[in-house]
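All remarks here apply to the structure that follows.
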Amino acid sequence: MIWSLKETLSREEIQEIQLKRLKKTVKHVYKNVPHYHKLMKERGIKPDSIRSLKDLQHLPLTTKEDLRQNYPFGLFAVPKDKIVRYHASSGTTGNPTVVGYTKKDLKVWAECIARLVTMGGVNKYDTAHISFGYGLFTGAFGLHQGLEKVGAGVVPMSSGNTKKQIKIMKDFEATALIGTPSYALHLAEVAQEMGLDPAHDLNLRVGLFGGEGSTEAMRAKLNEAFGIFATENYGMSELIGPGVAGECQALRGMHINEDHFIAEIIDPVTEEVLPEGETGELVITPISKQALPLLRYRTKDITRLDFSPCSCGRTTARMAKIEGRTDDMLIISGVNVFPSQIEEVLLGIDGIGSNYLIKVTKKGYLDKIEIDVEVVDHNLLDSVTKLDALYKEIAAKLHTILGIHPAIHLVEPKSLKRSEGKAQRVLDLRNEK
C-alpha cells in the first residue's frame with residue numbers, strides 16, 4: 001500500500017516541487033535567521049540567486065556545532081509564540097541541540113511518518129507498541145502521531161520496565177513493534193527468560209526500527225526472534241525527527257520523502273557534491289519546515305543514493321543502509337574500520353549473543369580495538385577446546401572483513417550492560433590517561 005500519490009511522482013514533478021520549496025525556504029532563512037543571512041551575504045548569495053536545484057551546492061553547509069553555538073533558539077526562523085512543541089538532544093557533550101515545531105511543522109511530520117509506517121506494512125488494523133522513550137527525544141512522539149494518522153492503535157509504552165513491556169505487548173495483542181533494534185532484541189531476550197517464545201506467544205507481525213544504526217545481521221536476528229518483517233527508518237531531530245526516510249517491504253533502500261527533503265552526497269573532506277551512486281556523507285535540506293529550516297545539514301552518516309524507481313511503485317530516491325559515520329570511523333593500523341562492520345561479522349556467528357562492546361584506546365598515533373563478546377551458553381566458557389574454536393572463528397572472520405586482528409574477549413552471557421534506548425556499542429577511552 002502507498003499512502004500518498006506524492007510518493008509516485010515523476011522525477012520532473014518531484015524536482016519542480018523541490019525547487020519551488022527550496023526557493024521559499026531560502027527566502028525564509030535569509031529574512032529571519034541572522035546566522036544564514038550573514039553567511040549568505042559573505043558568499044554574495046541572495047534568495048534570487050537560487051534558480052535551479054544545482055544552485056543548492058552554493059548555499060552554506062550546517063553542522064550540529066552551528067546549532068550548539070546558536071543555543072537555544074538562534075537558528076529558529078519564527079518567533080516563540082509560533083512554536084507549539086520543543087524537542088532536544090541529551091546534550092551530554094555540551095549544550096543540547098534544540099528543535100522546535102509550528103502547527104504546520106507537526107502536520108508535515110505526521111504526514112511523513114504516515115508514509116513510512118505504511119511502507120513498513122502498518123495499517124489501521126494494527127496495534128503499535130512504542131518502546132521508544134517519551135520526552136525530549138523525538139522518536140516516540142514522532143512515530144506516535146504518524147501511526148495515529150494512519151488509524152493504527154497506539155500503545156505509548158515508552159522505554160524501561162521490560163517485563164511489563166512484554167506483558168502489555170502480549171495482553172494488548174500488539175502487532176507492530178516500534179523502537180531501537182538493540183532494545184527490541186533485549187525485549188526478546190527477556191521474553192524468553194519469562195518462558196515465552198516471542199515468535200509464537202506474541203502477536204507481532206512487523207517491526208519498525210530506528211534511532212540507531214543496524215545491520216542486515218541485526219535484521220535477521222529480529223525477524224527470527226519475533227517472527228516479524230523488520231524495516232528500518234531514518235531521521236534525526238535537527239531535520240524533523242524520524243520521518244526523513246524509511247524502507248518499503250521490497251527492502252531496496254530507504255525511500256526519502258523528497259517533497260519535504262532534498263538529499264545530497266558530499267565528499268566529507270572536500271565538501272564536493274558527488275555523483276549519483278557514489279558513497280559519501282549524507283547532507284539533507286528540509287524544504288517544508290517553518291520553525292527550524294536548516295540549510296544543507298551535514299548528518300555525518302555515510303551512504304549513497306539511488307534515484308531509480310522501486311519495484312514497490314514508489315519513485316522517490318532511496319538511500320542505502322548507513323555504512324557508518326564520519327565521526328565514528330576508527331583508524332586501526334592504518335585501516336579504516338566502522339563499528340557496523342564489526343557488528344555484521346559478530347551477529348553472523350553461532351554461539352555468541354547479540355550484545356558486544358568495542359573498547360577503543362590509543363597506542364601512539366593509532367587507535368587500538370578490544371571487543372567484548374557475550375557467549376550464548378555459559379557452559380562454553382568451561383570448555384577450552386570449544387572456546388578456542390569460537391575465538392579462532394571470530395578472529396578469522398573479523399580479519400577477513402577488516403584486515404586487522406582486534407583483541408577479543410569472550411564473556412559470560414548477559415554480563416554486558418543493556419540499554420533501554422540507543423545501545424552503547426563503542427567505549428572511547430582514547431582521551432583517558
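Residues in the C-alpha cells are named by chain (A, B, ... in the order shown) and by number from 1 within that chain; ligands are numbered from 1 in the order shown.
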
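For segment 33-197 of chain A, the set of residues given strand (DSSP E or B) by DSSP on the backbone reads Thr62, Arg85, Tyr86, His87, Ala88, Val98, Val99, Gly100, Tyr101, Thr127, Ala128, His129, Ile130, Gly153, Val154, Val155, Ala176, Leu177, Ile178 and Gly179 of chain A.
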
Could those selected residues go to a file with all heavy atoms, as a compact mmCIF listing (two decimals), in the first residue's frame?
# COMPACT_ATOMS: atom_id res chain seq x y z
N THR A 62 25.49 23.31 7.09
CA THR A 62 25.16 23.49 8.51
C THR A 62 25.61 22.27 9.29
O THR A 62 25.48 21.14 8.80
CB THR A 62 23.65 23.69 8.70
OG1 THR A 62 23.19 24.75 7.87
CG2 THR A 62 23.32 24.03 10.16
N ARG A 85 5.77 23.00 19.96
CA ARG A 85 6.44 21.82 20.50
C ARG A 85 7.95 22.03 20.47
O ARG A 85 8.48 22.59 19.51
CB ARG A 85 6.10 20.59 19.65
CG ARG A 85 6.83 19.29 20.03
CD ARG A 85 6.09 18.48 21.06
NE ARG A 85 4.87 17.97 20.51
CZ ARG A 85 4.78 16.89 19.70
NH1 ARG A 85 5.88 16.20 19.38
NH2 ARG A 85 3.62 16.48 19.24
N TYR A 86 8.63 21.61 21.54
CA TYR A 86 10.09 21.63 21.60
C TYR A 86 10.61 20.21 21.82
O TYR A 86 10.01 19.43 22.56
CB TYR A 86 10.59 22.50 22.77
CG TYR A 86 10.29 23.97 22.64
CD1 TYR A 86 9.14 24.51 23.21
CD2 TYR A 86 11.17 24.83 21.98
CE1 TYR A 86 8.86 25.87 23.12
CE2 TYR A 86 10.90 26.19 21.88
CZ TYR A 86 9.74 26.71 22.46
OH TYR A 86 9.48 28.05 22.36
N HIS A 87 11.72 19.90 21.18
CA HIS A 87 12.46 18.68 21.47
C HIS A 87 13.93 19.06 21.54
O HIS A 87 14.33 20.15 21.13
CB HIS A 87 12.24 17.63 20.39
CG HIS A 87 10.92 16.93 20.47
ND1 HIS A 87 10.65 15.97 21.40
CD2 HIS A 87 9.78 17.08 19.74
CE1 HIS A 87 9.41 15.53 21.25
NE2 HIS A 87 8.86 16.20 20.24
N ALA A 88 14.76 18.17 22.07
CA ALA A 88 16.19 18.46 22.19
C ALA A 88 16.96 17.16 22.34
O ALA A 88 16.42 16.14 22.77
CB ALA A 88 16.45 19.37 23.38
N VAL A 98 18.59 22.08 20.18
CA VAL A 98 17.17 22.33 20.44
C VAL A 98 16.44 22.49 19.12
O VAL A 98 16.91 23.19 18.22
CB VAL A 98 16.99 23.60 21.29
CG1 VAL A 98 15.51 23.86 21.57
CG2 VAL A 98 17.76 23.47 22.61
N VAL A 99 15.29 21.82 19.00
CA VAL A 99 14.47 21.94 17.79
C VAL A 99 13.05 22.33 18.19
O VAL A 99 12.60 22.04 19.29
CB VAL A 99 14.46 20.63 16.98
CG1 VAL A 99 15.87 20.28 16.53
CG2 VAL A 99 13.87 19.48 17.78
N GLY A 100 12.38 23.01 17.28
CA GLY A 100 11.02 23.45 17.55
C GLY A 100 10.12 23.21 16.36
O GLY A 100 10.59 23.03 15.22
N TYR A 101 8.81 23.21 16.60
CA TYR A 101 7.82 22.92 15.58
C TYR A 101 6.65 23.89 15.66
O TYR A 101 6.16 24.18 16.76
CB TYR A 101 7.27 21.49 15.74
CG TYR A 101 8.31 20.41 15.72
CD1 TYR A 101 9.04 20.11 16.87
CD2 TYR A 101 8.57 19.67 14.57
CE1 TYR A 101 10.01 19.12 16.86
CE2 TYR A 101 9.53 18.67 14.55
CZ TYR A 101 10.25 18.40 15.70
OH TYR A 101 11.21 17.42 15.70
N THR A 127 -2.11 -2.70 15.98
CA THR A 127 -1.87 -2.10 17.30
C THR A 127 -0.36 -1.98 17.45
O THR A 127 0.36 -2.99 17.42
CB THR A 127 -2.43 -2.97 18.43
OG1 THR A 127 -3.86 -3.10 18.27
CG2 THR A 127 -2.14 -2.34 19.79
N ALA A 128 0.11 -0.74 17.58
CA ALA A 128 1.55 -0.48 17.58
C ALA A 128 2.06 -0.22 18.99
O ALA A 128 1.58 0.68 19.68
CB ALA A 128 1.87 0.72 16.68
N HIS A 129 3.03 -0.99 19.40
CA HIS A 129 3.65 -0.88 20.73
C HIS A 129 4.92 -0.04 20.59
O HIS A 129 5.88 -0.46 19.94
CB HIS A 129 3.99 -2.28 21.25
CG HIS A 129 4.59 -2.30 22.61
ND1 HIS A 129 3.89 -2.65 23.75
CD2 HIS A 129 5.85 -2.04 23.03
CE1 HIS A 129 4.70 -2.60 24.80
NE2 HIS A 129 5.89 -2.23 24.39
N ILE A 130 4.92 1.16 21.18
CA ILE A 130 6.08 2.05 21.07
C ILE A 130 6.97 1.89 22.30
O ILE A 130 6.55 2.19 23.42
CB ILE A 130 5.64 3.52 20.92
CG1 ILE A 130 4.83 3.69 19.62
CG2 ILE A 130 6.86 4.44 20.92
CD1 ILE A 130 4.37 5.11 19.36
N GLY A 153 -3.90 1.65 16.23
CA GLY A 153 -3.98 1.84 17.67
C GLY A 153 -2.57 1.96 18.23
O GLY A 153 -1.69 1.20 17.85
N VAL A 154 -2.36 2.91 19.12
CA VAL A 154 -1.01 3.15 19.65
C VAL A 154 -0.96 2.86 21.14
O VAL A 154 -1.80 3.33 21.91
CB VAL A 154 -0.59 4.62 19.41
CG1 VAL A 154 0.79 4.87 20.01
CG2 VAL A 154 -0.56 4.92 17.91
N VAL A 155 0.03 2.06 21.53
CA VAL A 155 0.31 1.80 22.95
C VAL A 155 1.57 2.59 23.30
O VAL A 155 2.68 2.17 22.95
CB VAL A 155 0.52 0.30 23.22
CG1 VAL A 155 0.76 0.06 24.71
CG2 VAL A 155 -0.66 -0.52 22.72
N ALA A 176 2.57 -4.54 15.92
CA ALA A 176 3.72 -3.81 15.40
C ALA A 176 4.58 -3.34 16.57
O ALA A 176 4.05 -2.81 17.55
CB ALA A 176 3.28 -2.61 14.56
N LEU A 177 5.87 -3.54 16.46
CA LEU A 177 6.80 -3.11 17.50
C LEU A 177 7.63 -1.95 16.97
O LEU A 177 8.24 -2.03 15.90
CB LEU A 177 7.72 -4.26 17.91
CG LEU A 177 8.82 -3.94 18.93
CD1 LEU A 177 8.23 -3.42 20.23
CD2 LEU A 177 9.68 -5.19 19.19
N ILE A 178 7.67 -0.85 17.75
CA ILE A 178 8.39 0.35 17.36
C ILE A 178 9.48 0.62 18.41
O ILE A 178 9.20 0.66 19.60
CB ILE A 178 7.45 1.58 17.32
CG1 ILE A 178 6.12 1.25 16.65
CG2 ILE A 178 8.14 2.76 16.68
CD1 ILE A 178 6.20 0.88 15.21
N GLY A 179 10.72 0.80 17.97
CA GLY A 179 11.78 1.10 18.93
C GLY A 179 13.14 0.99 18.29
O GLY A 179 13.29 0.93 17.07

Inset, instruction - Extract the full set of helix (DSSP H, G or I) residues from segment 143-289 of chain A according to DSSP on the backbone, and format it as a ChimeraX atom specification. - result: /A:143-149,162-171,181-193,198-201,216-226

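Compared by their closest atoms to Lys300 of chain A, and using only C-alpha atoms, the residues A:His28, A:Arg325, A:Lys362, A:Arg115 rank with A:Arg325 nearest.
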
Inset, instruction - Write out as a list in words each polymer residue whose atoms come within 8 Å of Leu61 of chain A, counting only C-alpha atoms; drop sequence neighbours fewer than 4 positions from it. - result: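 My list of contacting residues is Leu295, Arg296, Tyr297 and Arg298 of chain A.
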
What does the file look like for those residues with N, CA, C and O atoms, as a PDB file, in the first residue's frame?
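Final output, saved to out.pdb:
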ATOM      1  N   LEU A 295      19.726  24.713   6.359  1.00  0.00           N
ATOM      2  CA  LEU A 295      20.270  24.577   5.017  1.00  0.00           C
ATOM      3  C   LEU A 295      21.390  23.548   5.004  1.00  0.00           C
ATOM      4  O   LEU A 295      22.321  23.611   5.804  1.00  0.00           O
ATOM      5  N   ARG A 296      21.269  22.558   4.140  1.00  0.00           N
ATOM      6  CA  ARG A 296      22.336  21.599   3.862  1.00  0.00           C
ATOM      7  C   ARG A 296      22.974  21.056   5.148  1.00  0.00           C
ATOM      8  O   ARG A 296      24.157  21.227   5.407  1.00  0.00           O
ATOM      9  N   TYR A 297      22.168  20.344   5.927  1.00  0.00           N
ATOM     10  CA  TYR A 297      22.640  19.829   7.214  1.00  0.00           C
ATOM     11  C   TYR A 297      23.524  18.603   7.010  1.00  0.00           C
ATOM     12  O   TYR A 297      23.118  17.613   6.383  1.00  0.00           O
ATOM     13  N   ARG A 298      24.732  18.661   7.565  1.00  0.00           N
ATOM     14  CA  ARG A 298      25.670  17.548   7.484  1.00  0.00           C
ATOM     15  C   ARG A 298      25.307  16.505   8.533  1.00  0.00           C
ATOM     16  O   ARG A 298      25.466  16.720   9.724  1.00  0.00           O
TER      17      ARG A 298
END

Inset, instruction - For atom CA of Ile113 of chain A and atom CA of Asp327 of chain A, quote the distance in Å rounded to one decimal. - result: 27.6 Å

Inset, instruction - Name the closest residue to Thr180 of chain A among the candidates A:Glu393, A:Glu232, A:Asp367, A:Glu148; distances are taken between atoms, counting only C-alpha atoms. - result: A:Glu232

Give me the segment 261-328 of chain A side of the contact with segment 244-254 of chain A, cut-off 8 Å, one line per residue showing its nearest atom pair and distance in Å at one decimal, counting only C-alpha atoms, sorted by chain and residue number, as a tab-separated table.
residue	atom	partner	partner_atom	distance
A:Phe261	CA	A:Val244	CA	7.1
A:Cys310	CA	A:Arg252	CA	7.3
A:Ser311	CA	A:Ala250	CA	6.9
A:Cys312	CA	A:Ala250	CA	6.3
A:Arg318	CA	A:Met254	CA	4.9
A:Met319	CA	A:Met254	CA	5.1
A:Ala320	CA	A:Gly253	CA	4.8
A:Lys321	CA	A:Gly253	CA	6.5

Saved selection, atoms kept: all heavy atoms, as a PDB file, in the first residue's frame:
ATOM      1  N   PHE A 261      12.288  16.936   1.709  1.00  0.00           N
ATOM      2  CA  PHE A 261      13.726  16.927   1.982  1.00  0.00           C
ATOM      3  C   PHE A 261      14.508  16.759   0.682  1.00  0.00           C
ATOM      4  O   PHE A 261      14.148  15.917  -0.146  1.00  0.00           O
ATOM      5  CB  PHE A 261      14.110  15.791   2.934  1.00  0.00           C
ATOM      6  CG  PHE A 261      13.345  15.791   4.227  1.00  0.00           C
ATOM      7  CD1 PHE A 261      12.201  15.022   4.368  1.00  0.00           C
ATOM      8  CD2 PHE A 261      13.760  16.586   5.290  1.00  0.00           C
ATOM      9  CE1 PHE A 261      11.481  15.029   5.553  1.00  0.00           C
ATOM     10  CE2 PHE A 261      13.044  16.597   6.476  1.00  0.00           C
ATOM     11  CZ  PHE A 261      11.900  15.821   6.605  1.00  0.00           C
ATOM     12  N   CYS A 310      11.419   2.150  -7.669  1.00  0.00           N
ATOM     13  CA  CYS A 310      11.446   0.919  -6.868  1.00  0.00           C
ATOM     14  C   CYS A 310      10.347  -0.026  -7.338  1.00  0.00           C
ATOM     15  O   CYS A 310       9.318   0.411  -7.867  1.00  0.00           O
ATOM     16  CB  CYS A 310      11.256   1.278  -5.401  1.00  0.00           C
ATOM     17  SG  CYS A 310      11.285  -0.135  -4.264  1.00  0.00           S
ATOM     18  N   SER A 311      10.534  -1.299  -7.117  1.00  0.00           N
ATOM     19  CA  SER A 311       9.538  -2.293  -7.504  1.00  0.00           C
ATOM     20  C   SER A 311       8.233  -2.145  -6.727  1.00  0.00           C
ATOM     21  O   SER A 311       7.200  -2.670  -7.133  1.00  0.00           O
ATOM     22  CB  SER A 311      10.102  -3.710  -7.306  1.00  0.00           C
ATOM     23  OG  SER A 311      10.470  -3.923  -5.950  1.00  0.00           O
ATOM     24  N   CYS A 312       8.270  -1.395  -5.612  1.00  0.00           N
ATOM     25  CA  CYS A 312       7.053  -1.194  -4.818  1.00  0.00           C
ATOM     26  C   CYS A 312       6.113  -0.184  -5.469  1.00  0.00           C
ATOM     27  O   CYS A 312       4.966  -0.031  -5.046  1.00  0.00           O
ATOM     28  CB  CYS A 312       7.408  -0.719  -3.407  1.00  0.00           C
ATOM     29  SG  CYS A 312       7.995   0.994  -3.332  1.00  0.00           S
ATOM     30  N   ARG A 318      16.128   6.655  -3.024  1.00  0.00           N
ATOM     31  CA  ARG A 318      16.370   5.785  -1.876  1.00  0.00           C
ATOM     32  C   ARG A 318      17.809   5.938  -1.401  1.00  0.00           C
ATOM     33  O   ARG A 318      18.725   6.063  -2.210  1.00  0.00           O
ATOM     34  CB  ARG A 318      16.112   4.329  -2.256  1.00  0.00           C
ATOM     35  CG  ARG A 318      14.638   3.980  -2.398  1.00  0.00           C
ATOM     36  CD  ARG A 318      14.420   2.704  -3.187  1.00  0.00           C
ATOM     37  NE  ARG A 318      14.668   2.908  -4.609  1.00  0.00           N
ATOM     38  CZ  ARG A 318      15.382   2.086  -5.360  1.00  0.00           C
ATOM     39  NH1 ARG A 318      15.962   1.018  -4.838  1.00  0.00           N
ATOM     40  NH2 ARG A 318      15.545   2.335  -6.640  1.00  0.00           N
ATOM     41  N   MET A 319      17.965   5.947  -0.085  1.00  0.00           N
ATOM     42  CA  MET A 319      19.302   5.950   0.499  1.00  0.00           C
ATOM     43  C   MET A 319      19.623   4.560   1.009  1.00  0.00           C
ATOM     44  O   MET A 319      18.769   3.870   1.580  1.00  0.00           O
ATOM     45  CB  MET A 319      19.410   6.979   1.636  1.00  0.00           C
ATOM     46  CG  MET A 319      18.353   6.850   2.715  1.00  0.00           C
ATOM     47  SD  MET A 319      18.488   8.116   4.003  1.00  0.00           S
ATOM     48  CE  MET A 319      19.827   7.436   5.002  1.00  0.00           C
ATOM     49  N   ALA A 320      20.845   4.116   0.772  1.00  0.00           N
ATOM     50  CA  ALA A 320      21.270   2.794   1.228  1.00  0.00           C
ATOM     51  C   ALA A 320      21.426   2.793   2.748  1.00  0.00           C
ATOM     52  O   ALA A 320      21.520   3.842   3.383  1.00  0.00           O
ATOM     53  CB  ALA A 320      22.591   2.423   0.566  1.00  0.00           C
ATOM     54  N   LYS A 321      21.434   1.609   3.324  1.00  0.00           N
ATOM     55  CA  LYS A 321      21.655   1.465   4.756  1.00  0.00           C
ATOM     56  C   LYS A 321      22.942   2.190   5.142  1.00  0.00           C
ATOM     57  O   LYS A 321      23.942   2.134   4.427  1.00  0.00           O
ATOM     58  CB  LYS A 321      21.744  -0.012   5.127  1.00  0.00           C
ATOM     59  CG  LYS A 321      21.877  -0.284   6.618  1.00  0.00           C
ATOM     60  CD  LYS A 321      21.913  -1.774   6.889  1.00  0.00           C
ATOM     61  CE  LYS A 321      20.549  -2.413   6.715  1.00  0.00           C
ATOM     62  NZ  LYS A 321      19.610  -1.980   7.787  1.00  0.00           N
TER      63      LYS A 321
END

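Coordinates place atom CA of Phe132 of chain A at a distance of 23.4 Å from atom CA of His200 of chain A.
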
Inset, instruction - Within 8 Å of segment 343-348 of chain A, counting only C-alpha atoms, which residues show up once you throw out same-chain ones fewer than 6 positions away? Write them as a PyMOL selection string, please. - result: chain A and resi 215-218+221+354+394+397-398+401

Pull C-alpha atoms from the residues just selected and write them as a PDB file, in the first residue's frame.
ATOM      1  CA  THR A 215      22.992  -4.194  10.008  1.00  0.00           C
ATOM      2  CA  GLU A 216      21.387  -6.926   7.918  1.00  0.00           C
ATOM      3  CA  ALA A 217      22.591  -9.407  10.525  1.00  0.00           C
ATOM      4  CA  MET A 218      20.669  -7.450  13.173  1.00  0.00           C
ATOM      5  CA  LYS A 221      18.106 -11.663  14.409  1.00  0.00           C
ATOM      6  CA  SER A 354      23.752 -10.010  20.055  1.00  0.00           C
ATOM      7  CA  ILE A 394      35.622 -14.781  15.338  1.00  0.00           C
ATOM      8  CA  LYS A 397      36.159 -13.614  10.139  1.00  0.00           C
ATOM      9  CA  LEU A 398      36.993 -10.204  11.588  1.00  0.00           C
ATOM     10  CA  ILE A 401      36.447  -8.297   6.672  1.00  0.00           C
TER      11      ILE A 401
END

Inset, instruction - Skip Glu271 of chain A itself and residues of its chain fewer than 5 positions away, then list as a ChimeraX atom specification all residues within 10 Å of it, counting only C-alpha atoms. - result: /A:57,61,265-266,280-281,298

Filtering to N, CA, C and O atoms, could you give me those residues as a compact mmCIF listing (two decimals), in the first residue's frame?
# COMPACT_ATOMS: atom_id res chain seq x y z
N GLN A 57 24.15 23.71 -4.09
CA GLN A 57 25.52 23.45 -3.66
C GLN A 57 26.28 24.73 -3.30
O GLN A 57 27.33 24.68 -2.65
N LEU A 61 26.87 25.02 4.24
CA LEU A 61 26.55 23.80 4.99
C LEU A 61 26.28 24.14 6.44
O LEU A 61 26.79 25.13 6.97
N ILE A 265 24.89 13.91 -1.57
CA ILE A 265 26.03 13.15 -1.04
C ILE A 265 27.28 13.97 -1.32
O ILE A 265 27.54 14.36 -2.47
N ILE A 266 28.06 14.24 -0.28
CA ILE A 266 29.28 15.03 -0.46
C ILE A 266 30.50 14.24 -0.01
O ILE A 266 30.39 13.28 0.76
N GLY A 280 29.32 8.60 0.19
CA GLY A 280 29.88 9.74 0.89
C GLY A 280 28.98 10.15 2.03
O GLY A 280 28.15 9.36 2.49
N GLU A 281 29.13 11.39 2.49
CA GLU A 281 28.35 11.87 3.62
C GLU A 281 27.00 12.42 3.15
O GLU A 281 26.93 13.20 2.20
N ARG A 298 24.73 18.66 7.57
CA ARG A 298 25.67 17.55 7.48
C ARG A 298 25.31 16.50 8.53
O ARG A 298 25.47 16.72 9.72

Inset, instruction - Find the residues around Trp109 of chain A up to 7 Å (only C-alpha atoms counted), leave out those fewer than 4 positions away in its own chain, and share them as a list in words. - result: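 The neighbour list is Asp105, Ile113, Ile240 and Gly243 of chain A.
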
Using N, CA and C atoms, can you write the selected residues to a file as a PDB file, in the first residue's frame?
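File written: out24.pdb
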ATOM      1  N   ASP A 105       4.410  22.457  10.993  1.00  0.00           N
ATOM      2  CA  ASP A 105       5.521  21.501  11.068  1.00  0.00           C
ATOM      3  C   ASP A 105       5.048  20.154  11.598  1.00  0.00           C
ATOM      4  N   ILE A 113       5.639  10.534   8.629  1.00  0.00           N
ATOM      5  CA  ILE A 113       5.618   9.264   9.373  1.00  0.00           C
ATOM      6  C   ILE A 113       4.549   8.327   8.836  1.00  0.00           C
ATOM      7  N   ILE A 240      13.826  16.827  11.455  1.00  0.00           N
ATOM      8  CA  ILE A 240      12.402  16.762  11.789  1.00  0.00           C
ATOM      9  C   ILE A 240      12.175  15.742  12.893  1.00  0.00           C
ATOM     10  N   GLY A 243      11.224  10.240  10.089  1.00  0.00           N
ATOM     11  CA  GLY A 243      10.325  10.717   9.040  1.00  0.00           C
ATOM     12  C   GLY A 243      11.024  11.165   7.782  1.00  0.00           C
TER      13      GLY A 243
END

Legend entry - Residues within 9 Å of segment 135-139 of chain A, only C-alpha atoms, excluding chain neighbours under 2 positions, as a VMD selection string: chain A and resid 86 to 90 132 to 133 141 to 144 179 210 to 211 235 to 237 240 to 242

Legend entry - Given only C-alpha atoms as the counted atoms, nearest of A:Asp126, A:Asp259, A:Asp171, A:Glu276 to Ser4 of chain A: A:Asp259

Inset, instruction - Pick out the closest residue to His186 of chain A from this set: A:Ala225, A:Leu19, A:Leu381, A:Val78. Count only C-alpha atoms. - result: A:Ala225

Inset, instruction - Using atom CA of Ala77 of chain A and atom CA of Pro96 of chain A as the two end points, give the distance in Å to one decimal. - result: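 Rounded to one decimal, the two atoms are 18.4 Å apart.
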